Amino acid sequence: MSEVAPTPAPEAAAPKEQPAKVFAGAVYECVRCGTKTTQEELAKLPEVKCICGYRVFKKVRPAVVKQIKAI
Ligand SMILES: [Zn+2]
C-alpha cells in the first residue's frame, strides 16, 4: 500500500489542443491585393483565404492598440 493519496493527473483537466490563439481585433492584410481582414472574419471561413484566392497574410497593427504596462 504505497499509495497514500490519490494523485490527480497534473494536466489531465486542461485540454492541450487549443485553437490558434488569436487576438480580437487583429488585422491581417493580404500580401497580394492588400485587402485587410480581421481574424474574426478569417475564423468564419473554412480556410484562411483572401477573396482574391491568395492565402498569405501579414499581420498589421490594428488601429487601436492597447497599451500594456511593462512590469
Ligand atoms: Zn487578396
# chains A, B, ... in the order shown; residues from 1 in each chain; ligands from 1
$ residues_near_ligand --ligand "ligand 1" --cutoff "10 Å" --atoms "only C-alpha atoms and all ligand atoms" --output "ChimeraX atom specification"
/A:29-37,49-57
$ write_last_selection --atoms "N, CA and C atoms" --output "PDB file, in the first residue's frame"
ATOM      1  N   GLU A  29      -3.538  41.500 -43.502  1.00  0.00           N
ATOM      2  CA  GLU A  29      -3.592  42.090 -44.830  1.00  0.00           C
ATOM      3  C   GLU A  29      -3.053  41.100 -45.842  1.00  0.00           C
ATOM      4  N   CYS A  30      -3.812  40.924 -46.871  1.00  0.00           N
ATOM      5  CA  CYS A  30      -3.385  40.039 -47.942  1.00  0.00           C
ATOM      6  C   CYS A  30      -2.166  40.654 -48.615  1.00  0.00           C
ATOM      7  N   VAL A  31      -1.128  39.860 -48.776  1.00  0.00           N
ATOM      8  CA  VAL A  31       0.105  40.406 -49.337  1.00  0.00           C
ATOM      9  C   VAL A  31      -0.013  40.580 -50.846  1.00  0.00           C
ATOM     10  N   ARG A  32      -1.082  40.057 -51.401  1.00  0.00           N
ATOM     11  CA  ARG A  32      -1.220  40.134 -52.843  1.00  0.00           C
ATOM     12  C   ARG A  32      -2.041  41.337 -53.261  1.00  0.00           C
ATOM     13  N   CYS A  33      -3.219  41.450 -52.671  1.00  0.00           N
ATOM     14  CA  CYS A  33      -4.104  42.525 -53.101  1.00  0.00           C
ATOM     15  C   CYS A  33      -4.270  43.589 -52.027  1.00  0.00           C
ATOM     16  N   GLY A  34      -3.769  43.307 -50.853  1.00  0.00           N
ATOM     17  CA  GLY A  34      -3.791  44.337 -49.818  1.00  0.00           C
ATOM     18  C   GLY A  34      -5.116  44.461 -49.100  1.00  0.00           C
ATOM     19  N   THR A  35      -6.004  43.521 -49.353  1.00  0.00           N
ATOM     20  CA  THR A  35      -7.277  43.565 -48.657  1.00  0.00           C
ATOM     21  C   THR A  35      -7.084  43.272 -47.175  1.00  0.00           C
ATOM     22  N   LYS A  36      -7.622  44.129 -46.395  1.00  0.00           N
ATOM     23  CA  LYS A  36      -7.492  43.909 -44.949  1.00  0.00           C
ATOM     24  C   LYS A  36      -8.695  43.152 -44.426  1.00  0.00           C
ATOM     25  N   THR A  37      -8.411  42.207 -43.585  1.00  0.00           N
ATOM     26  CA  THR A  37      -9.479  41.441 -42.963  1.00  0.00           C
ATOM     27  C   THR A  37      -9.106  41.170 -41.517  1.00  0.00           C
ATOM     28  N   LYS A  49      -8.249  32.317 -46.353  1.00  0.00           N
ATOM     29  CA  LYS A  49      -8.086  32.607 -47.764  1.00  0.00           C
ATOM     30  C   LYS A  49      -8.639  33.987 -48.050  1.00  0.00           C
ATOM     31  N   CYS A  50      -7.943  34.703 -48.840  1.00  0.00           N
ATOM     32  CA  CYS A  50      -8.411  36.035 -49.204  1.00  0.00           C
ATOM     33  C   CYS A  50      -9.478  35.909 -50.285  1.00  0.00           C
ATOM     34  N   ILE A  51     -10.192  36.986 -50.472  1.00  0.00           N
ATOM     35  CA  ILE A  51     -11.217  36.985 -51.518  1.00  0.00           C
ATOM     36  C   ILE A  51     -10.585  36.842 -52.890  1.00  0.00           C
ATOM     37  N   CYS A  52      -9.321  37.161 -52.997  1.00  0.00           N
ATOM     38  CA  CYS A  52      -8.627  37.052 -54.281  1.00  0.00           C
ATOM     39  C   CYS A  52      -8.058  35.653 -54.460  1.00  0.00           C
ATOM     40  N   GLY A  53      -8.158  34.849 -53.421  1.00  0.00           N
ATOM     41  CA  GLY A  53      -7.691  33.476 -53.543  1.00  0.00           C
ATOM     42  C   GLY A  53      -6.328  33.245 -52.951  1.00  0.00           C
ATOM     43  N   TYR A  54      -5.662  34.323 -52.610  1.00  0.00           N
ATOM     44  CA  TYR A  54      -4.335  34.196 -52.028  1.00  0.00           C
ATOM     45  C   TYR A  54      -4.448  33.808 -50.567  1.00  0.00           C
ATOM     46  N   ARG A  55      -3.480  33.124 -50.108  1.00  0.00           N
ATOM     47  CA  ARG A  55      -3.576  32.614 -48.734  1.00  0.00           C
ATOM     48  C   ARG A  55      -2.460  33.114 -47.837  1.00  0.00           C
ATOM     49  N   VAL A  56      -1.778  34.075 -48.289  1.00  0.00           N
ATOM     50  CA  VAL A  56      -0.694  34.598 -47.466  1.00  0.00           C
ATOM     51  C   VAL A  56      -1.085  35.963 -46.916  1.00  0.00           C
ATOM     52  N   PHE A  57      -1.096  36.028 -45.629  1.00  0.00           N
ATOM     53  CA  PHE A  57      -1.462  37.278 -44.977  1.00  0.00           C
ATOM     54  C   PHE A  57      -0.319  37.746 -44.103  1.00  0.00           C
TER      55      PHE A  57
END
$ atom_distance --atom1 "CA of Lys69 (chain A)" --atom2 "CA of Glu40 (chain A)"
26.1 Å
